[in-house]
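File shown: input_25.txt (compact mmCIF, C-alpha atoms and all ligand atoms).
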# COMPACT_ATOMS: atom_id res chain seq x y z
CA MET A 15 115.01 -65.02 35.86
CA ALA A 16 114.76 -66.20 32.25
CA SER A 17 113.51 -69.72 31.50
CA ARG A 18 114.55 -71.94 28.63
CA VAL A 19 111.11 -73.52 28.27
CA PRO A 20 109.84 -73.21 24.67
CA LYS A 21 106.34 -71.92 24.03
CA VAL A 22 103.49 -72.76 21.68
CA ARG A 23 101.18 -70.17 20.20
CA PHE A 24 97.44 -70.54 20.73
CA ASN A 25 94.76 -69.70 18.16
CA ASN A 26 94.26 -66.35 19.97
CA ASN A 27 97.94 -65.49 19.41
CA LEU A 28 98.86 -65.86 23.10
CA GLU A 29 101.76 -68.12 24.08
CA CYS A 30 101.97 -71.02 26.52
CA PRO A 31 105.08 -72.84 27.82
CA VAL A 32 105.05 -76.40 26.42
CA LEU A 33 105.92 -77.93 29.79
CA GLY A 34 104.08 -77.25 33.02
CA LEU A 35 103.85 -78.69 36.53
CA GLY A 36 100.73 -80.69 37.39
CA THR A 37 99.32 -80.21 40.91
CA TRP A 38 96.61 -82.89 41.30
CA LYS A 39 97.29 -85.00 44.43
CA SER A 40 100.07 -82.63 45.54
CA LYS A 41 99.24 -82.34 49.21
CA PRO A 42 98.71 -78.84 50.60
CA GLY A 43 101.75 -79.41 52.83
CA GLU A 44 103.95 -80.29 49.85
CA VAL A 45 102.74 -78.21 46.94
CA THR A 46 104.08 -74.81 48.07
CA GLN A 47 107.63 -76.12 48.14
CA ALA A 48 107.11 -78.06 44.88
CA VAL A 49 105.97 -74.92 43.04
CA LYS A 50 108.90 -72.92 44.46
CA ASP A 51 111.37 -75.65 43.44
CA ALA A 52 109.80 -75.75 39.99
CA ILE A 53 110.13 -71.99 39.52
CA ASP A 54 113.77 -72.21 40.61
CA VAL A 55 114.59 -74.74 37.86
CA GLY A 56 112.68 -72.82 35.19
CA TYR A 57 109.03 -73.96 35.16
CA ARG A 58 106.69 -71.07 34.39
CA HIS A 59 103.47 -73.01 33.68
CA PHE A 60 101.36 -74.46 36.52
CA ASP A 61 98.25 -76.60 36.07
CA CYS A 62 95.76 -76.11 38.90
CA ALA A 63 92.08 -76.81 39.54
CA TYR A 64 89.50 -75.80 42.12
CA VAL A 65 88.75 -79.46 42.78
CA TYR A 66 92.38 -80.25 43.68
CA GLY A 67 91.84 -78.45 47.00
CA ASN A 68 95.34 -76.94 47.09
CA GLU A 69 95.08 -73.66 45.16
CA LYS A 70 95.74 -71.55 48.27
CA GLU A 71 99.05 -73.35 48.84
CA VAL A 72 100.01 -72.96 45.16
CA GLY A 73 99.18 -69.26 45.56
CA VAL A 74 101.53 -68.93 48.55
CA ALA A 75 104.43 -70.12 46.38
CA LEU A 76 103.52 -67.88 43.44
CA THR A 77 103.19 -64.83 45.69
CA ASP A 78 106.48 -65.57 47.40
CA LYS A 79 108.34 -65.92 44.10
CA ILE A 80 106.75 -62.80 42.60
CA ASN A 81 107.39 -60.70 45.73
CA SER A 82 111.01 -61.82 45.97
CA GLY A 83 111.59 -60.78 42.35
CA ALA A 84 112.41 -64.33 41.20
CA VAL A 85 109.67 -64.13 38.53
CA ARG A 86 107.26 -61.57 37.20
CA ARG A 87 103.56 -62.33 37.02
CA GLU A 88 103.62 -61.81 33.27
CA ASP A 89 106.26 -64.54 32.90
CA LEU A 90 104.03 -67.12 34.60
CA PHE A 91 101.29 -69.16 32.92
CA ILE A 92 98.62 -70.24 35.39
CA THR A 93 95.75 -72.55 34.48
CA SER A 94 92.75 -73.48 36.59
CA LYS A 95 89.54 -75.37 35.90
CA LEU A 96 85.84 -74.88 36.50
CA TRP A 97 84.53 -77.85 38.48
CA ASN A 98 81.43 -79.81 37.47
CA THR A 99 79.19 -78.43 40.25
CA PHE A 100 79.62 -74.87 38.93
CA HIS A 101 78.55 -75.21 35.28
CA ARG A 102 75.36 -73.20 35.77
CA PRO A 103 76.15 -69.85 34.16
CA ASP A 104 75.26 -67.81 37.27
CA LEU A 105 77.84 -69.79 39.31
CA VAL A 106 80.82 -69.55 36.97
CA ARG A 107 82.10 -66.10 37.91
CA GLY A 108 81.78 -66.67 41.65
CA VAL A 109 83.90 -69.80 41.67
CA LEU A 110 86.47 -68.26 39.33
CA ASN A 111 86.77 -65.38 41.82
CA THR A 112 87.37 -67.91 44.60
CA THR A 113 90.12 -69.52 42.53
CA LEU A 114 91.69 -66.11 41.84
CA LYS A 115 91.55 -65.27 45.53
CA ASN A 116 93.06 -68.65 46.48
CA LEU A 117 95.88 -68.25 43.96
CA ASN A 118 96.25 -64.55 44.92
CA LEU A 119 96.08 -63.52 41.26
CA GLN A 120 94.24 -60.79 39.37
CA TYR A 121 93.75 -62.97 36.27
CA LEU A 122 94.32 -66.52 35.00
CA ASP A 123 96.21 -67.27 31.82
CA LEU A 124 93.85 -70.15 31.05
CA TYR A 125 90.52 -71.35 32.44
CA LEU A 126 89.14 -74.72 31.39
CA ILE A 127 85.77 -76.42 31.73
CA HIS A 128 87.14 -79.42 33.66
CA TRP A 129 84.64 -82.01 32.32
CA PRO A 130 81.66 -81.70 29.98
CA GLN A 131 79.23 -83.29 32.46
CA ALA A 132 77.62 -81.14 35.17
CA TYR A 133 76.90 -82.27 38.73
CA LYS A 134 74.14 -81.06 41.04
CA GLU A 135 74.84 -77.50 42.10
CA GLU A 136 74.81 -75.99 45.57
CA ALA A 137 74.65 -79.30 47.40
CA GLY A 138 77.66 -78.34 49.50
CA SER A 139 79.81 -81.04 47.97
CA LEU A 140 81.99 -81.25 44.87
CA PHE A 141 80.79 -84.85 44.43
CA PRO A 142 77.13 -84.61 45.58
CA VAL A 143 75.62 -88.03 46.23
CA ASP A 144 72.14 -89.27 47.16
CA ALA A 145 71.28 -91.52 50.11
CA ASN A 146 72.55 -94.53 48.14
CA GLY A 147 75.89 -92.89 47.41
CA LYS A 148 74.99 -92.26 43.76
CA LEU A 149 76.49 -89.15 42.20
CA GLN A 150 73.83 -86.47 41.53
CA PHE A 151 73.82 -84.92 38.09
CA SER A 152 72.71 -81.59 36.65
CA ASN A 153 71.46 -81.09 33.13
CA VAL A 154 73.21 -77.75 32.48
CA ASP A 155 74.37 -77.76 28.88
CA PHE A 156 78.13 -77.18 28.56
CA VAL A 157 77.43 -74.84 25.63
CA ASP A 158 75.66 -72.48 28.04
CA THR A 159 78.66 -72.76 30.36
CA TRP A 160 80.95 -71.94 27.44
CA LYS A 161 79.05 -68.72 26.68
CA GLU A 162 79.65 -67.62 30.27
CA MET A 163 83.36 -68.52 29.96
CA GLU A 164 83.57 -66.17 26.98
CA GLY A 165 82.38 -63.32 29.22
CA LEU A 166 85.33 -63.95 31.54
CA VAL A 167 87.74 -63.26 28.68
CA ARG A 168 85.90 -60.11 27.68
CA ASP A 169 86.06 -58.86 31.26
CA GLY A 170 89.81 -59.51 31.55
CA LEU A 171 89.52 -62.13 34.31
CA VAL A 172 91.10 -64.84 32.14
CA ARG A 173 93.33 -64.51 29.09
CA SER A 174 92.36 -67.75 27.33
CA ILE A 175 89.63 -70.36 27.72
CA GLY A 176 89.53 -74.01 26.84
CA VAL A 177 88.04 -77.36 27.70
CA SER A 178 89.18 -80.60 29.26
CA ASN A 179 87.99 -84.16 28.68
CA PHE A 180 85.74 -83.13 25.77
CA ASN A 181 85.17 -85.63 22.97
CA ARG A 182 84.92 -84.77 19.29
CA ARG A 183 81.15 -84.36 19.21
CA GLN A 184 81.18 -82.14 22.30
CA LEU A 185 83.91 -79.96 20.83
CA GLU A 186 81.95 -79.64 17.61
CA ARG A 187 78.98 -78.31 19.59
CA VAL A 188 81.18 -75.78 21.40
CA LEU A 189 82.80 -74.67 18.14
CA GLN A 190 79.41 -74.16 16.49
CA ALA A 191 78.26 -71.81 19.26
CA ALA A 192 81.58 -70.15 20.11
CA THR A 193 82.52 -66.56 19.45
CA ILE A 194 85.80 -67.33 21.24
CA LYS A 195 87.34 -70.67 20.27
CA PRO A 196 88.82 -73.02 22.89
CA VAL A 197 92.62 -72.78 22.74
CA THR A 198 93.20 -76.26 24.15
CA ASN A 199 91.52 -79.52 25.03
CA GLN A 200 93.32 -80.95 28.06
CA ILE A 201 93.01 -84.73 27.86
CA GLU A 202 94.69 -87.86 29.15
CA SER A 203 97.57 -88.73 26.86
CA HIS A 204 100.52 -91.12 27.12
CA PRO A 205 101.78 -94.03 25.02
CA TYR A 206 99.00 -96.40 26.22
CA LEU A 207 96.34 -93.84 25.14
CA ASN A 208 97.96 -91.56 22.62
CA GLN A 209 94.68 -89.94 21.45
CA LYS A 210 95.81 -89.80 17.84
CA ARG A 211 92.34 -89.21 16.35
CA LEU A 212 91.15 -86.61 18.86
CA LYS A 213 94.51 -84.86 18.57
CA ALA A 214 94.23 -84.69 14.77
CA PHE A 215 90.63 -83.44 15.00
CA CYS A 216 91.63 -80.70 17.45
CA GLU A 217 94.73 -79.65 15.55
CA GLU A 218 92.77 -79.32 12.29
CA ARG A 219 90.66 -76.74 14.15
CA GLY A 220 93.57 -74.86 15.72
CA ILE A 221 93.08 -76.41 19.16
CA ILE A 222 96.28 -77.60 20.85
CA ILE A 223 96.19 -80.71 23.03
CA THR A 224 97.44 -80.55 26.60
CA ALA A 225 98.49 -84.03 27.75
CA TYR A 226 97.56 -84.94 31.32
CA SER A 227 98.80 -87.99 33.25
CA PRO A 228 101.74 -88.20 30.82
CA LEU A 229 103.69 -90.52 33.15
CA GLY A 230 100.72 -92.84 33.65
CA SER A 231 99.63 -91.27 36.96
CA PRO A 232 101.10 -93.99 39.20
CA ASP A 233 99.76 -92.18 42.31
CA ARG A 234 96.15 -92.08 41.08
CA PRO A 235 93.93 -93.00 44.05
CA TRP A 236 92.19 -95.87 42.21
CA ALA A 237 95.37 -97.62 41.01
CA LYS A 238 95.30 -101.37 41.75
CA PRO A 239 98.27 -103.58 42.51
CA GLY A 240 99.43 -105.44 39.42
CA GLU A 241 98.20 -102.85 36.91
CA PRO A 242 100.84 -102.08 34.26
CA LEU A 243 103.16 -99.20 35.15
CA LEU A 244 104.04 -97.02 32.19
CA LEU A 245 107.23 -95.83 33.90
CA GLU A 246 108.40 -99.45 34.11
CA ASP A 247 107.47 -100.51 30.58
CA PRO A 248 110.46 -102.51 29.22
CA LYS A 249 109.95 -101.22 25.66
CA LEU A 250 110.12 -97.62 26.87
CA LYS A 251 113.07 -98.50 29.10
CA ALA A 252 114.92 -99.87 26.05
CA ILE A 253 114.39 -96.58 24.16
CA ALA A 254 115.39 -94.53 27.20
CA ASP A 255 118.56 -96.60 27.76
CA ARG A 256 119.53 -96.34 24.09
CA ILE A 257 119.35 -92.53 24.11
CA GLY A 258 120.71 -92.13 27.64
CA LYS A 259 117.58 -90.58 29.20
CA SER A 260 115.06 -91.72 31.82
CA VAL A 261 111.67 -93.20 30.89
CA ALA A 262 109.99 -90.13 32.42
CA GLN A 263 112.08 -87.84 30.19
CA VAL A 264 111.16 -89.92 27.12
CA LEU A 265 107.45 -89.74 28.05
CA ILE A 266 107.62 -85.96 28.43
CA ARG A 267 109.60 -85.50 25.23
CA TYR A 268 107.15 -87.79 23.35
CA GLN A 269 104.41 -85.24 24.00
CA ILE A 270 106.51 -82.18 23.19
CA ASP A 271 107.81 -83.72 19.96
CA ARG A 272 104.28 -84.45 18.76
CA GLY A 273 103.23 -80.84 19.32
CA THR A 274 101.47 -81.30 22.62
CA ILE A 275 101.69 -79.31 25.85
CA VAL A 276 102.57 -81.60 28.76
CA ILE A 277 102.01 -81.21 32.52
CA PRO A 278 103.74 -83.94 34.58
CA LYS A 279 103.14 -83.77 38.33
CA SER A 280 105.79 -84.22 40.99
CA VAL A 281 106.40 -83.01 44.50
CA THR A 282 109.94 -84.45 44.58
CA LYS A 283 112.64 -81.85 44.03
CA SER A 284 114.96 -84.14 42.04
CA ARG A 285 112.11 -85.34 39.76
CA ILE A 286 110.81 -81.81 39.25
CA ALA A 287 114.28 -80.90 37.98
CA ALA A 288 114.78 -84.08 35.91
CA ASN A 289 111.36 -83.72 34.25
CA PHE A 290 112.34 -80.22 33.15
CA ASP A 291 115.70 -81.36 31.82
CA VAL A 292 114.30 -82.36 28.42
CA PHE A 293 115.37 -79.49 26.21
CA ASP A 294 118.73 -80.88 25.11
CA PHE A 295 117.36 -83.76 23.02
CA THR A 296 114.51 -84.73 20.71
CA LEU A 297 113.06 -88.12 19.85
CA SER A 298 113.59 -89.35 16.32
CA LYS A 299 110.60 -89.80 13.99
CA GLU A 300 111.26 -93.54 14.20
CA ASP A 301 111.11 -93.57 18.00
CA ILE A 302 107.91 -91.52 18.00
CA ALA A 303 106.35 -93.94 15.49
CA LEU A 304 107.48 -96.89 17.63
CA ILE A 305 106.01 -95.36 20.80
CA ASP A 306 102.77 -94.69 18.88
CA THR A 307 102.41 -98.48 18.44
CA PHE A 308 102.21 -98.99 22.23
CA ASP A 309 98.64 -97.61 22.29
CA CYS A 310 96.23 -100.10 23.89
CA ASN A 311 93.26 -97.85 24.72
CA GLY A 312 94.68 -97.80 28.24
CA ARG A 313 92.62 -95.06 29.85
CA ILE A 314 93.42 -94.48 33.52
CA CYS A 315 91.27 -91.40 34.31
CA PRO A 316 87.72 -92.47 33.37
CA GLU A 317 85.69 -90.45 35.96
CA SER A 318 83.65 -93.64 36.11
CA SER A 319 81.26 -92.54 38.87
CA ALA A 320 79.61 -90.27 36.27
CA PHE A 321 79.51 -92.87 33.53
CA ASP A 322 75.72 -92.79 33.17
CA HIS A 323 75.63 -89.00 32.77
CA PRO A 324 74.36 -88.19 29.24
CA ASP A 325 77.34 -85.84 28.75
CA HIS A 326 79.99 -88.25 30.00
CA PRO A 327 82.65 -88.00 27.26
CA PHE A 328 83.77 -91.62 27.16
CA ARG A 329 80.34 -93.39 27.08
CA ASN A 330 79.31 -93.72 23.48
CA ASP A 331 81.73 -91.87 21.26
CA GLU A 332 84.81 -93.52 19.76
CA TYR A 333 86.86 -90.41 20.47
N1 LIG A 401 91.99 -82.30 33.34
C1 LIG A 401 91.91 -83.43 34.01
O1 LIG A 401 90.84 -84.03 34.15
C2 LIG A 401 93.14 -83.98 34.62
C3 LIG A 401 94.25 -83.20 34.74
N2 LIG A 401 95.40 -83.71 35.30
C4 LIG A 401 96.56 -82.80 35.43
O2 LIG A 401 97.72 -83.45 34.89
C5 LIG A 401 98.73 -83.52 35.89
C6 LIG A 401 99.62 -84.74 35.69
O3 LIG A 401 98.89 -85.94 35.76
P1 LIG A 401 98.90 -86.94 37.01
O4 LIG A 401 97.67 -87.75 36.89
O5 LIG A 401 99.13 -86.18 38.25
O6 LIG A 401 100.09 -87.94 36.77
P2 LIG A 401 101.54 -87.99 36.11
O7 LIG A 401 101.42 -88.89 34.94
O8 LIG A 401 102.11 -86.65 35.95
O9 LIG A 401 102.31 -88.80 37.24
C7 LIG A 401 102.55 -88.26 38.51
C8 LIG A 401 103.22 -89.33 39.35
O10 LIG A 401 104.49 -89.67 38.77
C9 LIG A 401 105.51 -89.52 39.75
N3 LIG A 401 106.70 -88.98 39.04
C10 LIG A 401 106.88 -87.73 38.56
N4 LIG A 401 108.06 -87.61 37.94
C11 LIG A 401 108.66 -88.80 38.04
C12 LIG A 401 109.92 -89.30 37.63
N5 LIG A 401 110.78 -88.53 36.96
N6 LIG A 401 110.24 -90.59 37.91
C13 LIG A 401 109.35 -91.38 38.56
N7 LIG A 401 108.14 -90.97 39.00
C14 LIG A 401 107.80 -89.69 38.73
C15 LIG A 401 104.96 -88.56 40.78
O11 LIG A 401 105.57 -88.81 42.04
P3 LIG A 401 105.99 -87.65 43.09
O12 LIG A 401 105.01 -86.54 43.00
O13 LIG A 401 105.93 -88.39 44.39
O14 LIG A 401 107.38 -87.25 42.71
C16 LIG A 401 103.50 -88.98 40.78
O15 LIG A 401 103.33 -90.14 41.56
C17 LIG A 401 97.91 -83.53 37.18
O16 LIG A 401 98.70 -83.34 38.32
C18 LIG A 401 96.89 -82.47 36.88
O17 LIG A 401 97.48 -81.18 37.02
C19 LIG A 401 95.48 -85.02 35.66
C20 LIG A 401 94.39 -85.84 35.56
C21 LIG A 401 93.11 -85.39 35.06
C1 LIG A 402 92.57 -85.16 38.34
C2 LIG A 402 91.44 -84.55 37.67
O1 LIG A 402 91.57 -83.46 37.19
C3 LIG A 402 90.24 -85.25 37.57
C4 LIG A 402 90.17 -86.67 37.96
O2 LIG A 402 89.27 -84.69 37.13

Could you quickly redo this structure as structure tokens?
Ligand SMILES: NC(=O)C1=CN([C@@H]2O[C@H](COP(=O)(O)OP(=O)(O)OC[C@H]3O[C@@H](n4cnc5c(N)ncnc54)[C@H](OP(=O)(O)O)[C@@H]3O)[C@@H](O)[C@H]2O)C=CC1
Ligand SMILES: CC(=O)C(C)=O
Amino acid sequence: MASRVPKVRFNNNLECPVLGLGTWKSKPGEVTQAVKDAIDVGYRHFDCAYVYGNEKEVGVALTDKINSGAVRREDLFITSKLWNTFHRPDLVRGVLNTTLKNLNLQYLDLYLIHWPQAYKEEAGSLFPVDANGKLQFSNVDFVDTWKEMEGLVRDGLVRSIGVSNFNRRQLERVLQAATIKPVTNQIESHPYLNQKRLKAFCEERGIIITAYSPLGSPDRPWAKPGEPLLLEDPKLKAIADRIGKSVAQVLIRYQIDRGTIVIPKSVTKSRIAANFDVFDFTLSKEDIALIDTFDCNGRICPESSAFDHPDHPFRNDEY
């Protein structure tokens, strides 16, 4: 079945659908149906991660849709991410193979280093803590991890590689050492944190931004009552009402119209469909410029338990 989702071209000449379905927090009991519903309305891009704990259930949906002839593997774009406890080069391939097995795939379209900071390996936990509950770090350098990621491309296990949550300085280090450039930096991006400077830096180097938490991640586990809700912002509501769209559709279109890949998450059939129904309009330059002014450094995914890690991306650097 053909899909009307437009694609962007990466620096390695491979293409990626501009809109994908996020899967963080999608419960194992819900995500299989969500992925099937998404494929039915035209999604072809799925954002997964080992740490989300639901790759097997995503894989069930992909296998079902491929086996029934609804989609071909080559029409899908599947991303996963290397978790922080597997940065040591000798661990990278093993955990990728687990992800491939869970997803029931022979290759990934995109594999990302999930965060630049490494956590203690082989402690039996994805968030290893000491007796006081303090997260345990590892000093593996992400540049060494990157060199191992390059081997995965050469061996045909992944088509493209990239990073996530890397700041400018960290990307510069990767670019200096790379023989294969990252195709994307997947970062938090929405009107309260539009990432204008990091986006410009990446784009000047041929690296496309993928915007995560584009709707403000209202179901994030650490959300507190009373915190501002992007989806209920009256200024965004006014724009959405004026153009006859929902706030969610405006937030998704904001990313696409500024040249960003966007991966909203939903497990609700009607929202999955509505979030995909964004290809019959564009935002005007004026509306994009207006939305740009809503930035308030409003980061909602800080990975704060690792804040004292020397490689934590949001500690010292402006962007
Ligand atoms: N690389 C990284 O470190 C990170 C990557 N990500 C990726 O980005 C994806 C998206 O980000 P995420 O943080 O999940 O949050 P989003 O900003 O995508 O928001 C998801 C929430 O919005 C709700 N929602 C979805 N569509 C609508 C709609 N049309 N109207 C109202 N509410 C809606 C969902 O509810 P419901 O599901 O109940 O419909 C869910 O509660 C993740 O799932 C993950 O794949 C996210 C964070 C970090
Ligand atoms: C959701 C996610 O990818 C995080 C917090 O790393």

Worksheet item: Which protein, DNA or RNA residues have an atom within 7 Å of ligand LIG 401 (chain A), counting only C-alpha atoms and all ligand atoms, as JSON, numbers by chain?
Response: {"A": [35, 36, 37, 38, 39, 40, 61, 62, 128, 129, 178, 179, 200, 201, 202, 226, 227, 228, 229, 230, 231, 232, 233, 234, 245, 262, 263, 277, 278, 279, 280, 281, 282, 285, 286, 288, 289, 315]}

Item to complete: Within 7 Å of (102.9, -71.2, 39.5) (coordinates as in the file), grab all the protein and nucleic acid residues, counting only C-alpha atoms, and write them out as a count of residues only.
Response: 8

Discussion item. From the options A:Lys50, A:Arg173, A:Lys41, A:Lys283, which residue's atoms come nearest to A:Phe91, counting all atoms listed in the file?
Written reply: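 Checking each of A:Lys50, A:Arg173, A:Lys41, A:Lys283 against A:Phe91, counting all atoms listed in the file, the winner is A:Arg173.
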
Practice prompt. Excluding A:Arg211 and any residue of its chain fewer than 4 positions from it, enumerate the residues within 10 Å of it, using all atoms listed in the file, and give them as a ChimeraX atom specification.
Written response: /A:182,215-217,332-333

Discussion item. Set the distance at 10 Å and use only C-alpha atoms: which residues neighbour A:Arg107 once local chain neighbours fewer than 3 positions away are removed? I'd like the list as a list in words.
Written reply: Leu96, Phe100, Pro103, Asp104, Leu110, Asn111, Thr112, Thr113, Glu162, Met163, Gly165, Leu166 and Leu171 of chain A

Practice prompt. Show me as number ranges by chain the residues that reach within 12 Å of (96.2, -59.7, 40.3), counting only C-alpha atoms and using the file's own coordinates.
Written response: A: 73, 76-77, 80, 86-88, 92, 111, 113-123, 170-172

With only C-alpha atoms as the counted atoms, please give the residues lying no more than 7 Å from stretch 299-311 of chain A, apart from itself and same-chain residues fewer than 3 positions off, as an mmCIF file with C-alpha atoms, in the coordinates of the input.
data_model
loop_
_atom_site.group_PDB
_atom_site.id
_atom_site.type_symbol
_atom_site.label_atom_id
_atom_site.label_comp_id
_atom_site.auth_asym_id
_atom_site.auth_seq_id
_atom_site.Cartn_x
_atom_site.Cartn_y
_atom_site.Cartn_z
ATOM 1 C CA PRO A 205 101.780 -94.030 25.020
ATOM 2 C CA TYR A 206 99.000 -96.400 26.220
ATOM 3 C CA LEU A 207 96.340 -93.840 25.140
ATOM 4 C CA ASN A 208 97.960 -91.560 22.620
ATOM 5 C CA TYR A 268 107.150 -87.790 23.350
#

Discussion item. Considering all atoms listed in the file, can you say which of A:Arg219, A:Lys148, A:Arg256, A:Lys213 comes closest to A:Lys195?
Written reply: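 Residue with the minimum atom-to-atom distance to A:Lys195: A:Arg219.
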
Practice prompt. Determine the nearest neighbour of ligand LIG 402 (chain A) from the options A:Ala225, A:Val261, A:Val45, A:Ala16, counting all atoms listed in the file.
Written response: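 Between A:Ala225, A:Val261, A:Val45, A:Ala16, the residue approaching ligand LIG 402 (chain A) most closely is A:Ala225.
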
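Across the structure, atom CA of A:Thr274 and atom CA of A:Leu297 are spaced 13.7 Å apart.
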
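For the pair atom CA of A:Val19 and atom CA of A:Phe293, the interatomic distance is 7.6 Å.
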
Discussion item. Between atom CA of A:Leu28 and atom CA of A:Asp155, what is the distance in Å, rounded to a tenth?
Written reply: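 The value is 27.8 Å.
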
Fill in: Polymer residues at most 12 Å from A:Pro196, all atoms listed in the file, same-chain spacing of 4 or more positions, as an MDAnalysis selection string
chainID A and resid 24:26 124:127 157 160:161 163:164 167 173:178 180 184:192 200 216:217 219:223

Convert the current residue selection to file output with C-alpha atoms, as a PDB file, keeping the file's coordinate frame.
ATOM      1  CA  PHE A  24      97.440 -70.540  20.730  1.00  0.00           C
ATOM      2  CA  ASN A  25      94.760 -69.700  18.160  1.00  0.00           C
ATOM      3  CA  ASN A  26      94.260 -66.350  19.970  1.00  0.00           C
ATOM      4  CA  LEU A 124      93.850 -70.150  31.050  1.00  0.00           C
ATOM      5  CA  TYR A 125      90.520 -71.350  32.440  1.00  0.00           C
ATOM      6  CA  LEU A 126      89.140 -74.720  31.390  1.00  0.00           C
ATOM      7  CA  ILE A 127      85.770 -76.420  31.730  1.00  0.00           C
ATOM      8  CA  VAL A 157      77.430 -74.840  25.630  1.00  0.00           C
ATOM      9  CA  TRP A 160      80.950 -71.940  27.440  1.00  0.00           C
ATOM     10  CA  LYS A 161      79.050 -68.720  26.680  1.00  0.00           C
ATOM     11  CA  MET A 163      83.360 -68.520  29.960  1.00  0.00           C
ATOM     12  CA  GLU A 164      83.570 -66.170  26.980  1.00  0.00           C
ATOM     13  CA  VAL A 167      87.740 -63.260  28.680  1.00  0.00           C
ATOM     14  CA  ARG A 173      93.330 -64.510  29.090  1.00  0.00           C
ATOM     15  CA  SER A 174      92.360 -67.750  27.330  1.00  0.00           C
ATOM     16  CA  ILE A 175      89.630 -70.360  27.720  1.00  0.00           C
ATOM     17  CA  GLY A 176      89.530 -74.010  26.840  1.00  0.00           C
ATOM     18  CA  VAL A 177      88.040 -77.360  27.700  1.00  0.00           C
ATOM     19  CA  SER A 178      89.180 -80.600  29.260  1.00  0.00           C
ATOM     20  CA  PHE A 180      85.740 -83.130  25.770  1.00  0.00           C
ATOM     21  CA  GLN A 184      81.180 -82.140  22.300  1.00  0.00           C
ATOM     22  CA  LEU A 185      83.910 -79.960  20.830  1.00  0.00           C
ATOM     23  CA  GLU A 186      81.950 -79.640  17.610  1.00  0.00           C
ATOM     24  CA  ARG A 187      78.980 -78.310  19.590  1.00  0.00           C
ATOM     25  CA  VAL A 188      81.180 -75.780  21.400  1.00  0.00           C
ATOM     26  CA  LEU A 189      82.800 -74.670  18.140  1.00  0.00           C
ATOM     27  CA  GLN A 190      79.410 -74.160  16.490  1.00  0.00           C
ATOM     28  CA  ALA A 191      78.260 -71.810  19.260  1.00  0.00           C
ATOM     29  CA  ALA A 192      81.580 -70.150  20.110  1.00  0.00           C
ATOM     30  CA  GLN A 200      93.320 -80.950  28.060  1.00  0.00           C
ATOM     31  CA  CYS A 216      91.630 -80.700  17.450  1.00  0.00           C
ATOM     32  CA  GLU A 217      94.730 -79.650  15.550  1.00  0.00           C
ATOM     33  CA  ARG A 219      90.660 -76.740  14.150  1.00  0.00           C
ATOM     34  CA  GLY A 220      93.570 -74.860  15.720  1.00  0.00           C
ATOM     35  CA  ILE A 221      93.080 -76.410  19.160  1.00  0.00           C
ATOM     36  CA  ILE A 222      96.280 -77.600  20.850  1.00  0.00           C
ATOM     37  CA  ILE A 223      96.190 -80.710  23.030  1.00  0.00           C
TER      38      ILE A 223
END

With 6 Å of padding per side, what axis-aligned box (centre and edge lengths, Å, one decimal) covers all the listed atoms of ligand LIG 402 (chain A)? Give it as lines of an AutoDock Vina configuration file.
center_x = 90.9
center_y = -85.1
center_z = 37.7
size_x = 15.3
size_y = 15.2
size_z = 13.2

Fill in: Proximity to A:Trp97 - best of A:Phe321, A:Gly43, A:Leu149, A:Thr159, only C-alpha atoms
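Residue with the minimum atom-to-atom distance to A:Trp97: A:Thr159.
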
Discussion item. What's around A:Asp54 at 10 Å? Count all atoms listed in the file, leave out sequence neighbours fewer than 4 positions away in its own chain, and write the answer as a list of chain:residue names.
Written reply: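 Contacts, with the query itself left out: A:Met15, A:Ser17, A:Ala48, A:Val49, A:Lys50, A:Arg58, A:Lys79, A:Ala84, A:Val85, A:Ala287.
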